[in-house]
$ cat final01.pdb   # PDB, C-alpha atoms, pLDDT in the B column
ATOM      1  CA  MET A   1     154.150  87.554 168.208  1.00 56.00           C
ATOM      2  CA  THR A   2     155.750  90.970 167.713  1.00 58.00           C
ATOM      3  CA  THR A   3     158.766  89.898 169.772  1.00 60.00           C
ATOM      4  CA  VAL A   4     159.281  86.809 167.609  1.00 54.00           C
ATOM      5  CA  VAL A   5     159.056  88.800 164.378  1.00 56.00           C
ATOM      6  CA  GLY A   6     161.325  91.515 165.782  1.00 63.00           C
ATOM      7  CA  GLY A   7     163.881  88.915 166.877  1.00 67.00           C
ATOM      8  CA  ARG A   8     163.812  87.290 163.471  1.00 72.00           C
ATOM      9  CA  ARG A   9     164.364  90.668 161.793  1.00 75.00           C
ATOM     10  CA  GLU A  10     167.316  91.361 164.061  1.00 80.00           C
ATOM     11  CA  ARG A  11     168.899  87.986 163.209  1.00 77.00           C
ATOM     12  CA  HIS A  12     168.424  88.642 159.499  1.00 75.00           C
ATOM     13  CA  ARG A  13     169.888  92.139 159.854  1.00 84.00           C
ATOM     14  CA  TRP A  14     172.861  90.759 161.817  1.00 83.00           C
ATOM     15  CA  ALA A  15     173.465  88.031 159.196  1.00 78.00           C
ATOM     16  CA  ARG A  16     173.261  90.535 156.337  1.00 83.00           C
ATOM     17  CA  ASP A  17     175.666  92.919 158.092  1.00 88.00           C
ATOM     18  CA  ALA A  18     178.091  90.087 158.887  1.00 88.00           C
ATOM     19  CA  LEU A  19     177.912  88.898 155.282  1.00 89.00           C
ATOM     20  CA  THR A  20     178.569  92.402 153.971  1.00 91.00           C
ATOM     21  CA  ASP A  21     181.537  92.796 156.322  1.00 93.00           C
ATOM     22  CA  ALA A  22     182.995  89.472 155.197  1.00 93.00           C
ATOM     23  CA  PHE A  23     182.589  90.346 151.519  1.00 93.00           C
ATOM     24  CA  VAL A  24     184.239  93.731 151.994  1.00 94.00           C
ATOM     25  CA  ALA A  25     187.145  92.328 154.016  1.00 95.00           C
ATOM     26  CA  PHE A  26     187.690  89.486 151.524  1.00 95.00           C
ATOM     27  CA  LEU A  27     187.724  91.823 148.523  1.00 95.00           C
ATOM     28  CA  GLU A  28     189.868  94.459 150.259  1.00 96.00           C
ATOM     29  CA  ALA A  29     192.450  91.796 151.099  1.00 96.00           C
ATOM     30  CA  SER A  30     192.388  90.634 147.478  1.00 96.00           C
ATOM     31  CA  TRP A  31     193.003  94.121 146.113  1.00 96.00           C
ATOM     32  CA  ALA A  32     195.717  94.785 148.695  1.00 95.00           C
ATOM     33  CA  HIS A  33     197.359  91.442 147.885  1.00 95.00           C
ATOM     34  CA  SER A  34     197.502  92.290 144.181  1.00 94.00           C
ATOM     35  CA  ASP A  35     198.975  95.710 145.028  1.00 93.00           C
ATOM     36  CA  ALA A  36     201.555  94.156 147.373  1.00 91.00           C
ATOM     37  CA  VAL A  37     202.702  91.681 144.724  1.00 91.00           C
ATOM     38  CA  ARG A  38     203.119  94.532 142.218  1.00 88.00           C
ATOM     39  CA  SER A  39     205.313  96.535 144.603  1.00 84.00           C
ATOM     40  CA  PRO A  40     209.099  96.804 144.276  1.00 81.00           C
ATOM     41  CA  ALA A  41     209.364  95.588 147.890  1.00 76.00           C
ATOM     42  CA  TYR A  42     207.817  92.275 146.829  1.00 75.00           C
ATOM     43  CA  GLU A  43     210.434  91.856 144.119  1.00 69.00           C
ATOM     44  CA  ALA A  44     213.121  92.553 146.703  1.00 65.00           C
ATOM     45  CA  ASP A  45     211.454  89.872 148.892  1.00 68.00           C
ATOM     46  CA  THR A  46     210.849  92.384 151.668  1.00 64.00           C
ATOM     47  CA  GLY A  47     207.161  92.588 150.774  1.00 61.00           C
ATOM     48  CA  SER A  48     206.506  88.867 150.630  1.00 78.00           C
ATOM     49  CA  GLN A  49     205.434  88.758 154.290  1.00 83.00           C
ATOM     50  CA  THR A  50     202.842  91.426 153.547  1.00 87.00           C
ATOM     51  CA  ALA A  51     201.521  89.428 150.594  1.00 88.00           C
ATOM     52  CA  HIS A  52     201.425  86.221 152.657  1.00 89.00           C
ATOM     53  CA  GLY A  53     199.565  88.026 155.443  1.00 92.00           C
ATOM     54  CA  LEU A  54     196.983  89.370 153.015  1.00 94.00           C
ATOM     55  CA  TYR A  55     196.530  85.905 151.513  1.00 94.00           C
ATOM     56  CA  ARG A  56     195.943  84.528 155.034  1.00 94.00           C
ATOM     57  CA  GLU A  57     193.382  87.297 155.597  1.00 95.00           C
ATOM     58  CA  MET A  58     191.556  86.243 152.437  1.00 95.00           C
ATOM     59  CA  ARG A  59     191.476  82.649 153.688  1.00 95.00           C
ATOM     60  CA  SER A  60     190.122  83.795 157.039  1.00 94.00           C
ATOM     61  CA  GLN A  61     187.379  85.877 155.431  1.00 94.00           C
ATOM     62  CA  LEU A  62     186.504  83.025 153.098  1.00 94.00           C
ATOM     63  CA  THR A  63     185.939  80.896 156.195  1.00 93.00           C
ATOM     64  CA  ARG A  64     183.480  83.518 157.454  1.00 92.00           C
ATOM     65  CA  LEU A  65     181.760  83.455 154.064  1.00 93.00           C
ATOM     66  CA  ARG A  66     181.460  79.672 154.310  1.00 92.00           C
ATOM     67  CA  LEU A  67     179.323  80.187 157.406  1.00 89.00           C
ATOM     68  CA  LEU A  68     177.122  82.862 155.878  1.00 88.00           C
ATOM     69  CA  ALA A  69     176.931  82.527 152.093  1.00 90.00           C
ATOM     70  CA  SER A  70     175.658  80.181 149.417  1.00 90.00           C
ATOM     71  CA  GLY A  71     177.606  77.676 147.365  1.00 91.00           C
ATOM     72  CA  ASP A  72     177.807  80.024 144.379  1.00 92.00           C
ATOM     73  CA  VAL A  73     179.546  82.653 146.489  1.00 92.00           C
ATOM     74  CA  LEU A  74     181.941  80.103 147.938  1.00 94.00           C
ATOM     75  CA  GLN A  75     182.811  78.774 144.498  1.00 96.00           C
ATOM     76  CA  ALA A  76     183.603  82.306 143.306  1.00 96.00           C
ATOM     77  CA  GLY A  77     185.594  83.006 146.477  1.00 96.00           C
ATOM     78  CA  ASP A  78     187.581  79.771 146.201  1.00 96.00           C
ATOM     79  CA  GLU A  79     188.426  80.577 142.590  1.00 97.00           C
ATOM     80  CA  LEU A  80     189.573  84.089 143.501  1.00 97.00           C
ATOM     81  CA  LEU A  81     191.733  82.682 146.291  1.00 97.00           C
ATOM     82  CA  ARG A  82     193.353  80.307 143.759  1.00 97.00           C
ATOM     83  CA  CYS A  83     193.915  83.239 141.407  1.00 97.00           C
ATOM     84  CA  GLN A  84     195.604  85.243 144.161  1.00 96.00           C
ATOM     85  CA  ARG A  85     197.856  82.272 144.913  1.00 95.00           C
ATOM     86  CA  ALA A  86     198.795  82.146 141.225  1.00 96.00           C
ATOM     87  CA  VAL A  87     199.609  85.873 141.355  1.00 94.00           C
ATOM     88  CA  GLN A  88     201.873  85.274 144.319  1.00 90.00           C
ATOM     89  CA  GLU A  89     203.679  82.391 142.610  1.00 90.00           C
ATOM     90  CA  ALA A  90     203.953  83.888 139.105  1.00 91.00           C
ATOM     91  CA  ALA A  91     207.261  85.166 137.840  1.00 90.00           C
ATOM     92  CA  PRO A  92     207.424  88.906 137.168  1.00 89.00           C
ATOM     93  CA  GLY A  93     206.436  89.912 133.656  1.00 92.00           C
ATOM     94  CA  PRO A  94     203.780  88.453 131.375  1.00 96.00           C
ATOM     95  CA  ALA A  95     202.981  85.505 133.656  1.00 95.00           C
ATOM     96  CA  ARG A  96     202.286  87.768 136.625  1.00 94.00           C
ATOM     97  CA  ASP A  97     200.359  90.224 134.447  1.00 94.00           C
ATOM     98  CA  ALA A  98     198.124  87.381 133.253  1.00 97.00           C
ATOM     99  CA  ALA A  99     197.642  86.142 136.823  1.00 97.00           C
ATOM    100  CA  LEU A 100     196.751  89.669 137.968  1.00 96.00           C
ATOM    101  CA  ALA A 101     194.210  89.962 135.138  1.00 97.00           C
ATOM    102  CA  ALA A 102     192.665  86.627 136.167  1.00 98.00           C
ATOM    103  CA  ALA A 103     192.458  87.837 139.786  1.00 97.00           C
ATOM    104  CA  ALA A 104     190.756  91.052 138.657  1.00 97.00           C
ATOM    105  CA  ALA A 105     188.217  89.003 136.691  1.00 98.00           C
ATOM    106  CA  GLY A 106     187.743  86.777 139.742  1.00 97.00           C
ATOM    107  CA  ARG A 107     187.014  89.813 141.920  1.00 97.00           C
ATOM    108  CA  ARG A 108     184.320  90.926 139.467  1.00 97.00           C
ATOM    109  CA  ILE A 109     182.737  87.471 139.712  1.00 97.00           C
ATOM    110  CA  VAL A 110     182.815  87.618 143.518  1.00 96.00           C
ATOM    111  CA  VAL A 111     181.233  91.084 143.467  1.00 95.00           C
ATOM    112  CA  SER A 112     178.493  89.813 141.151  1.00 95.00           C
ATOM    113  CA  ALA A 113     177.872  86.772 143.363  1.00 94.00           C
ATOM    114  CA  ALA A 114     177.816  88.996 146.460  1.00 92.00           C
ATOM    115  CA  LYS A 115     175.254  91.320 144.943  1.00 92.00           C
ATOM    116  CA  LYS A 116     173.073  88.385 143.950  1.00 91.00           C
ATOM    117  CA  GLU A 117     173.431  86.852 147.423  1.00 88.00           C
ATOM    118  CA  MET A 118     172.317  90.103 149.048  1.00 83.00           C
ATOM    119  CA  GLY A 119     169.503  90.710 146.565  1.00 84.00           C
ATOM    120  CA  LEU A 120     171.091  93.822 145.047  1.00 81.00           C
TER
END

$ encode --input "final01.pdb" --output "structure tokens"
Amino acid sequence: MTTVVGGRRERHRWARDALTDAFVAFLEASWAHSDAVRSPAYEADTGSQTAHGLYREMRSQLTRLRLLASGDVLQAGDELLRCQRAVQEAAPGPARDAALAAAAAGRRIVVSAAKKEMGL
């Protein structure tokens, strides 16, 4: 019986660690994406590959979250991904500033959903 309980604990610990890693990677890519889009290199089009790569990283991490997290987390993650896409597509100036503000709000929602998911 002890082996079964110990194995179950290990699986739960692994799942929690994997979930934490996915949340961190997803949010780090989101912050880095917003920073990349703000950079002068992005305006000169030399930073667009960086922004596209970070967006792809967010998509990849969201796939990991789909395997590990609840529907509420996925809804928040999908919305943040849409916000980051809007940031990428927005023209410089007020439109991009508004998109960046929406992405920041989306990150706060993801953080809140992550904390709830992990019981924090």

$ closest_residue --input "final01.pdb" --among "A:Arg56, A:Lys116, A:Arg107, A:Arg8" --to "Gly77 in chain A" --atoms "only C-alpha atoms"
A:Arg107

$ closest_residue --input "final01.pdb" --among "A:Gln49, A:Leu100, A:Ala90, A:Leu65" --to "Trp31 in chain A" --atoms "all atoms listed in the file"
A:Leu100

$ closest_residue --input "final01.pdb" --among "A:His33, A:Arg16, A:Arg64, A:Arg9" --to "Gln88 in chain A" --atoms "only C-alpha atoms"
A:His33

$ residues_near_point --input "final01.pdb" --point "(187.2, 82.6, 140.8)" --cutoff "10 Å" --atoms "only C-alpha atoms" --output "list in words"
Val73, Leu74, Gln75, Ala76, Gly77, Asp78, Glu79, Leu80, Leu81, Arg82, Cys83, Gln84, Ala102, Ala103, Ala104, Ala105, Gly106, Arg107, Arg108, Ile109 and Val110 of chain A

$ axis_aligned_box --input "final01.pdb" --around "range 86-89 of chain A" --padding-each-side "6 Å" --output "AutoDock Vina command-line options"
--center_x 201.2 --center_y 84.0 --center_z 142.8 --size_x 16.9 --size_y 15.7 --size_z 15.1

$ resolve_selection --input "final01.pdb" --expression "the PyMOL selection byres ((chain A and resi 25) around 12)" --output "tab-separated table (two decimals) with C-alpha atoms, in the frame of the given file"
chain	number	residue	atom	x	y	z
A	18	ALA	CA	178.09	90.09	158.89
A	19	LEU	CA	177.91	88.90	155.28
A	20	THR	CA	178.57	92.40	153.97
A	21	ASP	CA	181.54	92.80	156.32
A	22	ALA	CA	183.00	89.47	155.20
A	23	PHE	CA	182.59	90.35	151.52
A	24	VAL	CA	184.24	93.73	151.99
A	26	PHE	CA	187.69	89.49	151.52
A	27	LEU	CA	187.72	91.82	148.52
A	28	GLU	CA	189.87	94.46	150.26
A	29	ALA	CA	192.45	91.80	151.10
A	30	SER	CA	192.39	90.63	147.48
A	31	TRP	CA	193.00	94.12	146.11
A	32	ALA	CA	195.72	94.78	148.70
A	33	HIS	CA	197.36	91.44	147.88
A	54	LEU	CA	196.98	89.37	153.01
A	55	TYR	CA	196.53	85.90	151.51
A	56	ARG	CA	195.94	84.53	155.03
A	57	GLU	CA	193.38	87.30	155.60
A	58	MET	CA	191.56	86.24	152.44
A	59	ARG	CA	191.48	82.65	153.69
A	60	SER	CA	190.12	83.80	157.04
A	61	GLN	CA	187.38	85.88	155.43
A	62	LEU	CA	186.50	83.02	153.10
A	63	THR	CA	185.94	80.90	156.20
A	64	ARG	CA	183.48	83.52	157.45
A	65	LEU	CA	181.76	83.46	154.06

$ closest_residue --input "final01.pdb" --among "A:Val111, A:Ala69, A:Ala51, A:Met118" --to "Arg38 in chain A" --atoms "all atoms listed in the file"
A:Ala51

$ atom_distance --input "final01.pdb" --atom1 "CA of Ala98 in chain A" --atom2 "CA of Lys115 in chain A"
26.0 Å

$ closest_residue --input "final01.pdb" --among "A:Gly53, A:Pro92, A:Leu120, A:Ser112" --to "Pro40 in chain A" --atoms "all atoms listed in the file"
A:Pro92

$ closest_residue --input "final01.pdb" --among "A:Gly93, A:Arg13, A:Val87, A:Ser70" --to "Ala113 in chain A" --atoms "only C-alpha atoms"
A:Ser70

$ atom_distance --input "final01.pdb" --atom1 "CA of Gly71 in chain A" --atom2 "CA of Gly119 in chain A"
15.4 Å

$ atom_distance --input "final01.pdb" --atom1 "CA of Asp17 in chain A" --atom2 "CA of Ala101 in chain A"
29.7 Å
